[in-house]
file my_file-v4.txt (compact mmCIF, C-alpha atoms and all ligand atoms)
# COMPACT_ATOMS: atom_id res chain seq x y z
CA MET I 1 -11.37 -16.54 9.15
CA HIS I 2 -10.53 -13.92 6.59
CA LYS I 3 -11.79 -10.49 7.41
CA ASN I 4 -12.34 -8.21 4.49
CA THR I 5 -11.24 -4.68 5.43
CA ASP I 6 -13.56 -2.47 3.46
CA ILE I 7 -11.81 0.89 3.32
CA ASN I 8 -14.52 2.42 1.14
CA ASN I 9 -17.29 1.38 3.53
CA SER I 10 -19.45 4.11 5.08
CA ILE I 11 -17.67 7.03 3.49
CA ASN I 12 -19.34 9.66 1.38
CA VAL I 13 -16.47 11.28 -0.45
CA ASN I 14 -18.66 14.05 -1.85
CA ASP I 15 -19.77 15.15 1.63
CA ILE I 16 -16.17 15.09 2.77
CA SER I 17 -15.03 17.12 -0.25
CA CYS I 18 -16.79 20.21 1.15
CA GLN I 19 -15.27 19.63 4.59
CA MET I 20 -11.80 19.27 3.04
CA TYR I 21 -12.30 22.48 1.09
CA GLN I 22 -13.52 24.26 4.23
CA LEU I 23 -10.37 23.13 6.06
CA VAL I 24 -8.22 24.48 3.21
CA SER I 25 -10.10 27.82 3.55
CA ASP I 26 -9.62 27.86 7.33
CA MET I 27 -5.86 27.33 7.04
CA TYR I 28 -5.34 29.58 4.00
CA PRO I 29 -4.81 32.97 5.74
CA ILE I 30 -2.15 31.70 8.17
CA CYS I 31 1.51 32.60 7.63
CA ARG I 32 3.20 29.23 8.05
CA SER I 33 6.87 28.39 7.88
CA ILE I 34 9.13 25.47 8.84
CA THR I 35 8.89 26.66 12.48
CA GLY I 36 6.85 29.18 14.44
CA ASP I 37 3.38 30.15 15.55
CA GLY I 38 1.75 29.85 12.12
CA LEU I 39 2.76 26.20 11.97
CA ARG I 40 1.47 25.61 15.52
CA LYS I 41 -1.79 27.36 14.76
CA THR I 42 -2.25 25.14 11.70
CA LEU I 43 -1.60 21.97 13.70
CA ASN I 44 -4.13 23.13 16.28
CA ILE I 45 -6.74 23.56 13.56
CA ILE I 46 -6.04 20.00 12.36
CA LYS I 47 -6.36 18.89 15.98
CA GLN I 48 -9.98 20.04 15.96
CA HIS I 49 -10.61 17.18 13.49
CA ILE I 50 -8.22 14.42 14.64
CA PRO I 51 -6.39 13.91 17.97
CA LEU I 52 -2.96 14.98 16.78
CA ASP I 53 0.12 14.56 18.97
CA ILE I 54 2.11 17.76 18.68
CA HIS I 55 5.89 17.47 19.09
CA ASP I 56 8.27 20.38 19.74
CA ILE I 57 11.94 19.72 18.94
CA PRO I 58 14.32 22.41 20.28
CA THR I 59 16.52 24.62 18.12
CA GLY I 60 20.03 23.21 17.90
CA THR I 61 18.97 19.54 18.00
CA GLN I 62 21.15 17.54 15.65
CA VAL I 63 19.14 15.45 13.18
CA PHE I 64 21.51 13.46 10.99
CA ASP I 65 23.51 16.02 8.98
CA TRP I 66 21.09 18.86 9.83
CA THR I 67 20.42 21.04 12.85
CA ILE I 68 16.99 22.25 13.96
CA PRO I 69 17.05 25.95 12.98
CA LYS I 70 16.04 28.93 15.05
CA GLU I 71 12.33 29.55 15.28
CA TRP I 72 10.97 32.29 13.03
CA ASN I 73 7.98 34.45 13.85
CA ILE I 74 6.64 37.51 12.11
CA ARG I 75 4.24 40.16 13.35
CA ASP I 76 4.28 42.79 10.61
CA ALA I 77 6.09 43.88 7.46
CA PHE I 78 5.61 46.75 5.03
CA ILE I 79 7.23 49.12 2.56
CA LYS I 80 6.14 52.77 2.71
CA ASN I 81 6.77 55.28 -0.07
CA SER I 82 7.98 58.85 0.53
CA GLN I 83 4.37 59.97 1.17
CA GLY I 84 4.18 57.43 3.99
CA GLU I 85 1.71 55.20 2.10
CA LYS I 86 2.06 51.46 2.63
CA ILE I 87 2.65 50.11 -0.86
CA ILE I 88 3.44 46.58 0.36
CA ASN I 89 1.58 45.21 3.35
CA PHE I 90 2.26 41.78 4.87
CA HIS I 91 -1.26 41.74 6.27
CA GLN I 92 -2.70 41.84 2.74
CA SER I 93 -0.70 38.79 1.65
CA ASN I 94 1.86 36.86 3.66
CA LEU I 95 3.54 35.93 0.35
CA HIS I 96 4.82 39.53 0.23
CA ILE I 97 7.56 38.58 2.64
CA VAL I 98 10.47 36.25 1.86
CA ASN I 99 9.72 33.51 4.37
CA TYR I 100 12.28 33.56 7.23
CA SER I 101 13.24 37.21 6.57
CA ILE I 102 15.24 38.68 9.44
CA ASN I 103 14.19 41.80 11.32
CA ILE I 104 14.91 45.11 9.58
CA HIS I 105 13.72 48.72 9.83
CA GLU I 106 15.54 51.12 7.49
CA LYS I 107 15.11 53.85 4.92
CA MET I 108 16.63 53.15 1.53
CA LEU I 109 16.59 54.22 -2.10
CA LEU I 110 14.87 52.14 -4.77
CA GLU I 111 18.16 50.99 -6.31
CA ASP I 112 19.25 49.45 -2.97
CA LEU I 113 15.80 48.08 -2.22
CA LYS I 114 15.61 46.36 -5.62
CA ALA I 115 18.22 43.79 -4.60
CA HIS I 116 15.66 42.54 -2.06
CA LEU I 117 12.59 42.51 -4.32
CA TYR I 118 11.34 39.38 -6.10
CA THR I 119 8.80 39.32 -8.93
CA LEU I 120 7.62 37.04 -11.72
CA HIS I 121 8.33 38.56 -15.10
CA ASP I 122 6.17 36.03 -16.93
CA GLN I 123 3.17 36.32 -14.61
CA PRO I 124 3.17 40.07 -13.95
CA ASP I 125 0.04 40.09 -11.72
CA TRP I 126 1.07 37.30 -9.37
CA ILE I 127 3.18 37.45 -6.21
CA PRO I 128 5.89 34.78 -6.04
CA TYR I 129 6.60 32.66 -2.96
CA ARG I 130 10.23 32.73 -1.82
CA THR I 131 12.08 31.43 1.25
CA SER I 132 15.47 31.86 2.87
CA TYR I 133 15.49 29.32 5.68
CA TYR I 134 19.14 28.49 6.01
CA LYS I 135 20.76 31.79 5.05
CA GLU I 136 19.93 34.91 7.09
CA ASN I 137 18.46 37.35 4.61
CA TRP I 138 15.41 39.49 4.02
CA GLY I 139 13.24 40.39 1.06
CA PHE I 140 9.83 41.23 -0.32
CA CYS I 141 7.82 39.58 -3.08
CA LEU I 142 5.45 41.59 -5.23
CA SER I 143 3.79 41.50 -8.61
CA HIS I 144 5.96 42.55 -11.51
CA ASN I 145 3.43 45.23 -12.47
CA GLN I 146 3.73 46.70 -8.98
CA LEU I 147 7.51 46.79 -9.29
CA LEU I 148 7.25 48.69 -12.56
CA GLU I 149 5.17 51.37 -10.81
CA LEU I 150 7.74 52.05 -8.07
CA LYS I 151 9.16 55.57 -8.27
CA ASP I 152 12.81 56.39 -7.82
CA GLU I 153 12.51 57.69 -4.26
CA GLU I 154 13.28 56.78 -0.66
CA TYR I 155 11.31 53.98 0.98
CA GLU I 156 10.76 52.95 4.58
CA VAL I 157 11.30 49.22 4.86
CA CYS I 158 10.11 47.34 7.94
CA ILE I 159 10.08 43.66 8.81
CA ASP I 160 9.03 43.04 12.40
CA SER I 161 10.18 39.44 12.77
CA SER I 162 12.20 37.36 15.20
CA LEU I 163 14.64 34.53 14.69
CA GLU I 164 15.36 33.01 18.08
CA ASN I 165 15.95 29.76 19.86
CA GLY I 166 12.65 27.91 19.96
CA CYS I 167 11.28 24.73 18.41
CA LEU I 168 10.43 22.91 15.27
CA THR I 169 6.86 21.69 15.62
CA TYR I 170 5.22 18.76 13.87
CA GLY I 171 2.05 16.75 14.26
CA GLU I 172 1.67 13.00 14.32
CA TYR I 173 -1.42 10.82 14.52
CA TYR I 174 -1.14 7.07 15.01
CA ILE I 175 -4.08 4.77 14.39
CA ARG I 176 -3.57 1.31 15.83
CA GLY I 177 -4.71 -1.42 13.46
CA GLU I 178 -4.87 -5.18 13.96
CA LYS I 179 -1.18 -5.52 13.21
CA THR I 180 1.82 -3.38 14.04
CA ASP I 181 2.92 -3.13 10.39
CA GLU I 182 2.43 0.47 9.39
CA ILE I 183 1.36 2.59 6.48
CA ILE I 184 2.61 6.18 6.69
CA ILE I 185 0.88 9.11 5.09
CA SER I 186 2.96 12.27 5.11
CA CYS I 187 2.23 15.84 4.10
CA HIS I 188 4.12 19.10 4.47
CA THR I 189 2.76 21.92 6.59
CA CYS I 190 5.27 24.72 6.03
CA HIS I 191 3.91 26.80 3.16
CA PRO I 192 2.05 30.07 3.89
CA SER I 193 -0.99 31.07 1.80
CA LEU I 194 -0.70 28.44 -0.91
CA CYS I 195 -3.64 26.11 -1.41
CA ASN I 196 -2.66 23.28 -3.71
CA ASP I 197 0.98 22.95 -2.69
CA ASN I 198 0.53 22.23 1.00
CA LEU I 199 -3.05 22.82 2.14
CA SER I 200 -4.75 20.33 -0.20
CA GLY I 201 -2.50 17.53 1.09
CA ILE I 202 -3.11 18.48 4.72
CA ALA I 203 -6.88 18.54 4.22
CA LEU I 204 -6.91 15.19 2.43
CA ALA I 205 -4.66 13.55 5.04
CA THR I 206 -6.79 14.93 7.89
CA PHE I 207 -10.06 13.52 6.58
CA LEU I 208 -8.46 10.26 5.46
CA ALA I 209 -7.13 9.84 9.01
CA LYS I 210 -10.53 10.65 10.46
CA HIS I 211 -12.17 8.02 8.27
CA LEU I 212 -9.59 5.32 9.03
CA SER I 213 -9.96 5.95 12.76
CA GLU I 214 -13.66 5.16 12.45
CA ILE I 215 -13.19 1.75 10.80
CA SER I 216 -10.92 -1.07 11.96
CA PRO I 217 -8.07 -1.28 9.51
CA SER I 218 -5.76 -4.23 9.44
CA TYR I 219 -2.62 -2.08 9.18
CA SER I 220 -1.65 0.57 11.67
CA TYR I 221 -1.51 4.05 10.16
CA ARG I 222 0.80 6.90 10.98
CA PHE I 223 -0.02 10.37 9.69
CA LEU I 224 2.74 12.96 9.67
CA PHE I 225 2.05 16.69 9.38
CA ILE I 226 5.58 18.01 9.07
CA PRO I 227 7.48 20.96 7.65
CA GLY I 228 9.08 20.02 4.32
CA THR I 229 12.58 18.47 4.30
CA ILE I 230 13.67 19.37 7.85
CA GLY I 231 10.45 17.83 9.22
CA SER I 232 10.91 14.43 7.60
CA ILE I 233 14.63 14.45 8.43
CA THR I 234 13.73 15.21 12.05
CA TRP I 235 11.05 12.55 12.23
CA LEU I 236 13.34 9.91 10.69
CA ALA I 237 16.19 10.84 13.04
CA LEU I 238 13.93 10.54 16.10
CA ASN I 239 12.15 7.37 14.95
CA GLU I 240 14.93 5.46 13.25
CA ALA I 241 14.47 2.44 15.52
CA ASN I 242 10.87 1.97 14.38
CA VAL I 243 11.03 2.51 10.64
CA ASP I 244 11.15 -1.24 9.98
CA LYS I 245 7.45 -1.30 10.76
CA ILE I 246 6.73 0.92 7.74
CA LYS I 247 5.54 -1.40 4.99
CA HIS I 248 3.97 1.16 2.66
CA GLY I 249 3.75 4.92 2.47
CA LEU I 250 2.53 7.90 0.52
CA VAL I 251 3.54 11.53 0.47
CA VAL I 252 0.39 13.45 -0.43
CA THR I 253 0.67 16.89 -2.03
CA CYS I 254 -0.93 19.06 -4.72
CA VAL I 255 -4.15 17.02 -4.69
CA GLY I 256 -6.76 19.76 -5.22
CA ASP I 257 -6.11 21.19 -8.70
CA PRO I 258 -7.82 20.18 -11.95
CA GLY I 259 -4.73 18.43 -13.38
CA LYS I 260 -4.58 14.68 -14.03
CA SER I 261 -3.28 12.36 -11.31
CA HIS I 262 0.45 11.76 -11.10
CA TYR I 263 2.25 9.18 -9.05
CA LYS I 264 5.97 9.23 -8.44
CA LYS I 265 7.21 5.75 -7.62
CA SER I 266 9.26 4.90 -4.57
CA ARG I 267 13.00 4.47 -5.01
CA ARG I 268 12.43 0.70 -5.06
CA GLY I 269 10.25 1.16 -8.14
CA ASN I 270 8.41 -2.14 -7.73
CA ALA I 271 7.08 -1.85 -4.18
CA GLU I 272 3.54 -2.97 -3.48
CA ILE I 273 2.46 0.67 -3.06
CA ASP I 274 3.86 1.42 -6.54
CA LYS I 275 1.84 -1.46 -8.00
CA ALA I 276 -1.32 -0.56 -6.10
CA VAL I 277 -1.32 3.11 -7.15
CA THR I 278 -0.50 2.19 -10.75
CA HIS I 279 -3.40 -0.27 -10.76
CA VAL I 280 -5.86 2.28 -9.36
CA LEU I 281 -4.85 4.99 -11.83
CA LYS I 282 -4.92 2.55 -14.74
CA SER I 283 -8.39 1.35 -13.73
CA SER I 284 -9.74 4.88 -13.21
CA GLY I 285 -10.55 5.41 -16.87
CA GLN I 286 -8.97 8.86 -16.56
CA ASP I 287 -5.74 10.23 -17.92
CA TYR I 288 -2.82 9.79 -15.51
CA GLU I 289 0.95 9.63 -15.39
CA ILE I 290 3.37 7.37 -13.53
CA MET I 291 6.76 8.92 -12.87
CA GLU I 292 9.95 7.07 -11.99
CA PHE I 293 11.65 7.98 -8.73
CA SER I 294 14.02 10.94 -8.74
CA PRO I 295 15.85 12.45 -5.77
CA TYR I 296 14.04 15.79 -6.10
CA GLY I 297 10.52 16.65 -4.97
CA TYR I 298 8.87 16.37 -1.55
CA ASP I 299 9.60 14.34 1.57
CA GLU I 300 9.82 11.07 -0.36
CA ARG I 301 13.39 12.32 -0.93
CA GLN I 302 14.15 11.63 2.73
CA PHE I 303 12.03 8.47 3.14
CA CYS I 304 13.71 7.10 0.00
CA SER I 305 17.26 8.16 0.89
CA PRO I 306 19.52 5.09 0.53
CA GLY I 307 19.92 4.61 4.29
CA PHE I 308 16.14 4.14 4.63
CA ASN I 309 14.91 3.22 1.15
CA LEU I 310 11.35 2.98 2.40
CA PRO I 311 8.52 1.96 0.07
CA VAL I 312 7.09 5.49 -0.04
CA GLY I 313 5.80 7.10 -3.23
CA CYS I 314 4.31 10.51 -3.89
CA PHE I 315 0.70 11.01 -4.95
CA MET I 316 -0.24 14.31 -6.57
CA ARG I 317 -2.28 15.84 -9.36
CA SER I 318 -0.17 18.53 -11.07
CA PRO I 319 3.41 18.01 -9.89
CA HIS I 320 5.44 20.85 -8.39
CA GLY I 321 6.84 23.27 -10.94
CA THR I 322 4.61 22.05 -13.78
CA TYR I 323 1.61 24.34 -13.34
CA PRO I 324 1.92 28.12 -13.73
CA GLN I 325 0.29 28.89 -10.36
CA TYR I 326 2.89 26.81 -8.47
CA HIS I 327 4.61 28.84 -5.72
CA THR I 328 2.63 31.98 -6.53
CA SER I 329 -0.35 33.90 -5.16
CA ALA I 330 -2.46 32.19 -7.87
CA ASP I 331 -2.20 28.89 -5.99
CA ASN I 332 -5.35 29.98 -4.19
CA LEU I 333 -8.89 28.98 -3.25
CA GLU I 334 -9.93 29.15 -6.91
CA LEU I 335 -7.28 26.73 -8.12
CA VAL I 336 -8.22 24.10 -5.54
CA GLN I 337 -11.77 22.79 -5.88
CA PRO I 338 -13.76 20.30 -3.77
CA GLN I 339 -14.37 17.87 -6.63
CA TYR I 340 -10.64 17.41 -7.25
CA LEU I 341 -9.98 16.89 -3.55
CA ALA I 342 -12.77 14.28 -3.60
CA ASP I 343 -11.35 12.54 -6.66
CA SER I 344 -7.87 12.39 -5.09
CA LEU I 345 -9.27 11.07 -1.80
CA SER I 346 -11.29 8.41 -3.56
CA LYS I 347 -8.22 7.21 -5.47
CA ILE I 348 -6.15 7.02 -2.30
CA LEU I 349 -8.95 5.09 -0.58
CA SER I 350 -8.90 2.60 -3.46
CA VAL I 351 -5.12 2.26 -3.11
CA LEU I 352 -5.44 1.56 0.61
CA ASP I 353 -8.26 -0.88 -0.05
CA ILE I 354 -5.90 -2.87 -2.27
CA ILE I 355 -3.03 -2.72 0.24
CA GLU I 356 -5.33 -3.81 3.09
CA ASN I 357 -6.68 -6.81 1.17
CA ASN I 358 -3.81 -7.79 -1.10
CA LYS I 359 -3.18 -11.28 0.27
CA LYS I 360 -1.97 -14.55 -1.18
CA TYR I 361 -4.11 -17.69 -0.92
CA LEU I 362 -3.71 -21.40 -1.46
CA ASN I 363 -6.24 -23.35 -3.49
CA GLN I 364 -7.40 -26.23 -1.25
CA ASN I 365 -8.53 -28.28 -4.26
CA PRO I 366 -5.63 -27.76 -6.65
CA LYS I 367 -5.94 -31.00 -8.63
CA CYS I 368 -8.38 -30.11 -11.39
CA GLU I 369 -11.13 -27.57 -10.81
CA PRO I 370 -13.37 -28.04 -7.80
CA GLN I 371 -16.97 -28.68 -8.78
CA LEU I 372 -18.43 -25.26 -8.12
CA GLY I 373 -21.99 -26.16 -9.15
CA LYS I 374 -22.50 -28.77 -6.43
CA ARG I 375 -21.51 -26.18 -3.84
CA GLY I 376 -24.03 -23.75 -5.28
CA LEU I 377 -21.20 -21.36 -5.96
CA TYR I 378 -22.43 -20.10 -9.27
CA SER I 379 -25.25 -18.41 -7.42
CA ALA I 380 -23.49 -17.99 -4.10
CA ILE I 381 -22.01 -14.66 -5.00
CA GLY I 382 -24.94 -12.40 -4.49
CA GLY I 383 -25.55 -8.87 -5.61
CA GLN I 384 -23.62 -9.16 -8.84
CA THR I 385 -25.31 -8.44 -12.10
CA ASP I 386 -22.48 -9.75 -14.23
CA THR I 387 -22.57 -13.47 -13.48
CA LYS I 388 -20.13 -14.28 -16.21
CA LYS I 389 -17.55 -12.02 -14.60
CA SER I 390 -18.02 -13.55 -11.16
CA GLU I 391 -17.58 -17.05 -12.61
CA MET I 392 -14.45 -15.97 -14.43
CA ALA I 393 -13.20 -14.36 -11.23
CA MET I 394 -13.64 -17.67 -9.35
CA LEU I 395 -11.73 -19.57 -11.99
CA TRP I 396 -8.90 -17.04 -12.00
CA VAL I 397 -8.63 -16.87 -8.22
CA LEU I 398 -8.66 -20.66 -7.89
CA ASN I 399 -6.13 -21.14 -10.65
CA LEU I 400 -3.64 -18.52 -9.50
CA SER I 401 -3.99 -19.12 -5.76
CA ASP I 402 -0.85 -21.22 -5.68
CA GLY I 403 0.74 -19.22 -2.90
CA ASN I 404 2.72 -17.13 -5.36
CA HIS I 405 0.18 -14.62 -6.62
CA THR I 406 -1.35 -11.77 -4.68
CA LEU I 407 -4.95 -10.77 -5.37
CA LEU I 408 -3.64 -7.67 -7.14
CA GLU I 409 -1.56 -9.85 -9.45
CA ILE I 410 -4.62 -12.02 -10.12
CA SER I 411 -6.60 -8.89 -10.89
CA GLU I 412 -3.90 -7.66 -13.29
CA GLU I 413 -3.57 -11.07 -14.93
CA SER I 414 -7.32 -11.55 -15.37
CA GLY I 415 -8.25 -7.97 -16.18
CA ILE I 416 -11.01 -8.19 -13.55
CA GLU I 417 -11.34 -5.33 -11.03
CA PHE I 418 -9.54 -5.81 -7.73
CA ASP I 419 -12.76 -5.36 -5.80
CA VAL I 420 -14.43 -8.28 -7.61
CA ILE I 421 -11.36 -10.50 -7.19
CA ASN I 422 -11.22 -9.64 -3.48
CA LYS I 423 -14.90 -10.41 -2.88
CA THR I 424 -14.54 -13.65 -4.85
CA ALA I 425 -11.61 -14.72 -2.66
CA ASP I 426 -13.76 -14.03 0.41
CA THR I 427 -16.53 -16.26 -0.93
CA LEU I 428 -14.15 -19.10 -1.86
CA LEU I 429 -12.62 -18.81 1.60
CA GLN I 430 -16.03 -19.27 3.19
CA PHE I 431 -16.45 -22.48 1.17
CA ASN I 432 -13.02 -23.69 2.34
CA LEU I 433 -11.73 -23.71 -1.20
CA LEU I 434 -8.98 -21.26 -0.24
CA LYS I 435 -6.67 -20.84 2.69
CA GLU I 436 -4.77 -17.67 3.48
CA CYS I 437 -1.01 -18.06 3.10
ZN ZN B 1 6.30 23.98 -2.36
call {"tool": "encode", "arguments": {"input": "my_file-v4.txt", "output": "structure tokens"}}
result
Amino acid sequence: MHKNTDINNSINVNDISCQMYQLVSDMYPICRSITGDGLRKTLNIIKQHIPLDIHDIPTGTQVFDWTIPKEWNIRDAFIKNSQGEKIINFHQSNLHIVNYSINIHEKMLLEDLKAHLYTLHDQPDWIPYRTSYYKENWGFCLSHNQLLELKDEEYEVCIDSSLENGCLTYGEYYIRGEKTDEIIISCHTCHPSLCNDNLSGIALATFLAKHLSEISPSYSYRFLFIPGTIGSITWLALNEANVDKIKHGLVVTCVGDPGKSHYKKSRRGNAEIDKAVTHVLKSSGQDYEIMEFSPYGYDERQFCSPGFNLPVGCFMRSPHGTYPQYHTSADNLELVQPQYLADSLSKILSVLDIIENNKKYLNQNPKCEPQLGKRGLYSAIGGQTDTKKSEMAMLWVLNLSDGNHTLLEISEESGIEFDVINKTADTLLQFNLLKEC
């Protein structure tokens, strides 16, 4: 007997929106990176919500063409002027430090210091976010206005950091469904105090995982909380033998800002996940944009590398690099808002609802229409105000259930919402007019 997996059942997205926002706030102050204590601390906060498995992969481990880097940790960083006043203080904003800066404690003149200072000319009040993971370097980020105020004098520059053999840490949460086929949901966990790029995706993934663990999905789900690029490369290298189980996937990022929804298709371009997300965005009644795959962006780059070519797309609101606050101190708790997190979560739930229920059926009475009236089927679908639509849905489902059309295709063809088509198929199944392929 067909079992309808109702992903949207018993979830109040608006209640969860406040919890997602609270989680973003809890994680916001932490100085994360691709390795180190900030990343671990973040994973431990997520673990308070879902039973995350935390993996530590040692420095030096070869993962395809890459090597797990040394672990970076930072305790303090500042620049003092000649009066001994701290004019830049890491503890005021962790964006002040170029992420992965090596240890330094020196006095130097402004002209020498300037080679290590990064600002945004166009956004003179914001601090940029910069990294130097794979080249040993150091630097400070500050607002352009602050740079303009610096006097030509000697400064004391201190970065109390360490770059040593350690681990790359990532979190994984597996939810066993009825079948071993998997859906992966991946988000990056390596950015410091940036809310939309990074924290919004983590918060959404955490509460999505929590919800799915409370229902009984048909698919198994694997949630990855990984540092960008090196994290997905590491996970793929360690789990290569099992990637065949991945049937659908989404990278989730930048899901808390007011921008319209964007979806970047998988490399395949016509995977079921691509069709499901497109359908949901098209049916939302809101503005949206579908982007073709390109080999730049987030971890879909690795999942969609030619050796894997997994059906993994990227769901976001404003894409990276397209909103002014991107990779700056203005990507903060004001940019991300609960209602946008809620809207993103509700769209992803609708996508998963389609994937969970998108089956093909065979009409058991294919020669001419079955007589629906004598089975009482015109009134058998309860709770629907639009009878005409439910009748049309029956006719469409019966006609296109030839073993070649999925319910999503029937929904597209008929222009009737997926949810109605799905419930109609359930009813027809109960009356033995359909059989699952
Ligand atoms: Zn980023």
call {"tool": "residues_near_ligand", "arguments": {"input": "my_file-v4.txt", "ligand": "ligand ZN 1 (chain B)", "cutoff": "12 Å", "atoms": "only C-alpha atoms and all ligand atoms", "output": "NGL selection string"}}
result
:I and (33-34 or 128-131 or 187-201 or 227-229 or 253-254 or 296-299 or 319-323 or 325-328 or 331)
call {"tool": "closest_residue", "arguments": {"input": "my_file-v4.txt", "among": "I:Asp343, I:Asp160, I:Asp152, I:Glu136", "to": "I:Met20", "atoms": "only C-alpha atoms"}}
result
I:Asp343
call {"tool": "closest_residue", "arguments": {"input": "my_file-v4.txt", "among": "I:Ala276, I:His96, I:Thr5, I:Arg176", "to": "I:Lys423", "atoms": "all atoms listed in the file"}}
result
I:Thr5
call {"tool": "residues_around", "arguments": {"input": "my_file-v4.txt", "residues": "I:Phe293", "least_positions_apart": "3", "cutoff": "12 Å", "atoms": "all atoms listed in the file", "output": "list in words"}}
result
Tyr263, Lys264, Lys265, Ser266, Arg267, Arg268, Gly269, Asn270, Ala271, Asp274, Ile290, Tyr296, Gly297, Tyr298, Glu300, Arg301, Phe303, Cys304, Ser305, Asn309, Pro311, Val312, Gly313, Cys314 and Phe315 of chain I
call {"tool": "residues_around", "arguments": {"input": "my_file-v4.txt", "residues": "I:Ser401", "least_positions_apart": "5", "cutoff": "12 Å", "atoms": "all atoms listed in the file", "output": "list in words"}}
result
Lys359, Lys360, Tyr361, Leu362, Asn363, Gln364, Asn365, Pro366, Ala393, Met394, Leu395, Trp396, Thr406, Leu407, Leu408, Glu409, Ile410, Ser411, Ile421, Thr424, Ala425, Leu428, Leu429, Leu433, Leu434, Lys435, Glu436 and Cys437 of chain I
call {"tool": "write_last_selection", "arguments": {"input": "my_file-v4.txt", "atoms": "C-alpha atoms", "output": "mmCIF file, keeping the file's coordinate frame"}}
result
data_model
loop_
_atom_site.group_PDB
_atom_site.id
_atom_site.type_symbol
_atom_site.label_atom_id
_atom_site.label_comp_id
_atom_site.auth_asym_id
_atom_site.auth_seq_id
_atom_site.Cartn_x
_atom_site.Cartn_y
_atom_site.Cartn_z
ATOM 1 C CA LYS I 359 -3.180 -11.280 0.270
ATOM 2 C CA LYS I 360 -1.970 -14.550 -1.180
ATOM 3 C CA TYR I 361 -4.110 -17.690 -0.920
ATOM 4 C CA LEU I 362 -3.710 -21.400 -1.460
ATOM 5 C CA ASN I 363 -6.240 -23.350 -3.490
ATOM 6 C CA GLN I 364 -7.400 -26.230 -1.250
ATOM 7 C CA ASN I 365 -8.530 -28.280 -4.260
ATOM 8 C CA PRO I 366 -5.630 -27.760 -6.650
ATOM 9 C CA ALA I 393 -13.200 -14.360 -11.230
ATOM 10 C CA MET I 394 -13.640 -17.670 -9.350
ATOM 11 C CA LEU I 395 -11.730 -19.570 -11.990
ATOM 12 C CA TRP I 396 -8.900 -17.040 -12.000
ATOM 13 C CA THR I 406 -1.350 -11.770 -4.680
ATOM 14 C CA LEU I 407 -4.950 -10.770 -5.370
ATOM 15 C CA LEU I 408 -3.640 -7.670 -7.140
ATOM 16 C CA GLU I 409 -1.560 -9.850 -9.450
ATOM 17 C CA ILE I 410 -4.620 -12.020 -10.120
ATOM 18 C CA SER I 411 -6.600 -8.890 -10.890
ATOM 19 C CA ILE I 421 -11.360 -10.500 -7.190
ATOM 20 C CA THR I 424 -14.540 -13.650 -4.850
ATOM 21 C CA ALA I 425 -11.610 -14.720 -2.660
ATOM 22 C CA LEU I 428 -14.150 -19.100 -1.860
ATOM 23 C CA LEU I 429 -12.620 -18.810 1.600
ATOM 24 C CA LEU I 433 -11.730 -23.710 -1.200
ATOM 25 C CA LEU I 434 -8.980 -21.260 -0.240
ATOM 26 C CA LYS I 435 -6.670 -20.840 2.690
ATOM 27 C CA GLU I 436 -4.770 -17.670 3.480
ATOM 28 C CA CYS I 437 -1.010 -18.060 3.100
#
call {"tool": "closest_residue", "arguments": {"input": "my_file-v4.txt", "among": "I:Ser17, I:Asn81, I:Thr427, I:Asn137", "to": "I:Glu156", "atoms": "all atoms listed in the file"}}
result
I:Asn81
call {"tool": "decode", "arguments": {"input": "my_file-v4.txt", "residues": "stretch 147-175 of chain I", "atoms": "C-alpha atoms", "output": "PDB file, in the first residue's frame"}}
result
ATOM      1  CA  LEU I 147      42.255  53.535   7.396  1.00  0.00           C
ATOM      2  CA  LEU I 148      41.998  57.172   6.338  1.00  0.00           C
ATOM      3  CA  GLU I 149      42.337  58.233   9.980  1.00  0.00           C
ATOM      4  CA  LEU I 150      45.599  56.341  10.580  1.00  0.00           C
ATOM      5  CA  LYS I 151      48.506  58.682  11.306  1.00  0.00           C
ATOM      6  CA  ASP I 152      51.956  58.267   9.854  1.00  0.00           C
ATOM      7  CA  GLU I 153      53.552  56.776  12.969  1.00  0.00           C
ATOM      8  CA  GLU I 154      54.833  53.522  14.412  1.00  0.00           C
ATOM      9  CA  TYR I 155      52.343  50.802  15.289  1.00  0.00           C
ATOM     10  CA  GLU I 156      52.531  47.703  17.456  1.00  0.00           C
ATOM     11  CA  VAL I 157      51.076  44.794  15.526  1.00  0.00           C
ATOM     12  CA  CYS I 158      50.147  41.577  17.325  1.00  0.00           C
ATOM     13  CA  ILE I 159      48.464  38.403  16.138  1.00  0.00           C
ATOM     14  CA  ASP I 160      48.468  35.693  18.782  1.00  0.00           C
ATOM     15  CA  SER I 161      47.599  32.704  16.621  1.00  0.00           C
ATOM     16  CA  SER I 162      48.873  29.197  16.013  1.00  0.00           C
ATOM     17  CA  LEU I 163      49.141  27.105  12.877  1.00  0.00           C
ATOM     18  CA  GLU I 164      50.000  23.572  13.928  1.00  0.00           C
ATOM     19  CA  ASN I 165      49.323  19.954  13.174  1.00  0.00           C
ATOM     20  CA  GLY I 166      45.782  19.211  14.286  1.00  0.00           C
ATOM     21  CA  CYS I 167      42.537  18.306  12.553  1.00  0.00           C
ATOM     22  CA  LEU I 168      39.894  19.350  10.133  1.00  0.00           C
ATOM     23  CA  THR I 169      36.560  18.927  11.881  1.00  0.00           C
ATOM     24  CA  TYR I 170      33.167  18.379  10.298  1.00  0.00           C
ATOM     25  CA  GLY I 171      29.735  17.298  11.441  1.00  0.00           C
ATOM     26  CA  GLU I 172      27.478  14.695   9.905  1.00  0.00           C
ATOM     27  CA  TYR I 173      23.965  13.610  10.804  1.00  0.00           C
ATOM     28  CA  TYR I 174      22.373  10.596   9.153  1.00  0.00           C
ATOM     29  CA  ILE I 175      18.646   9.960   9.378  1.00  0.00           C
TER      30      ILE I 175
END
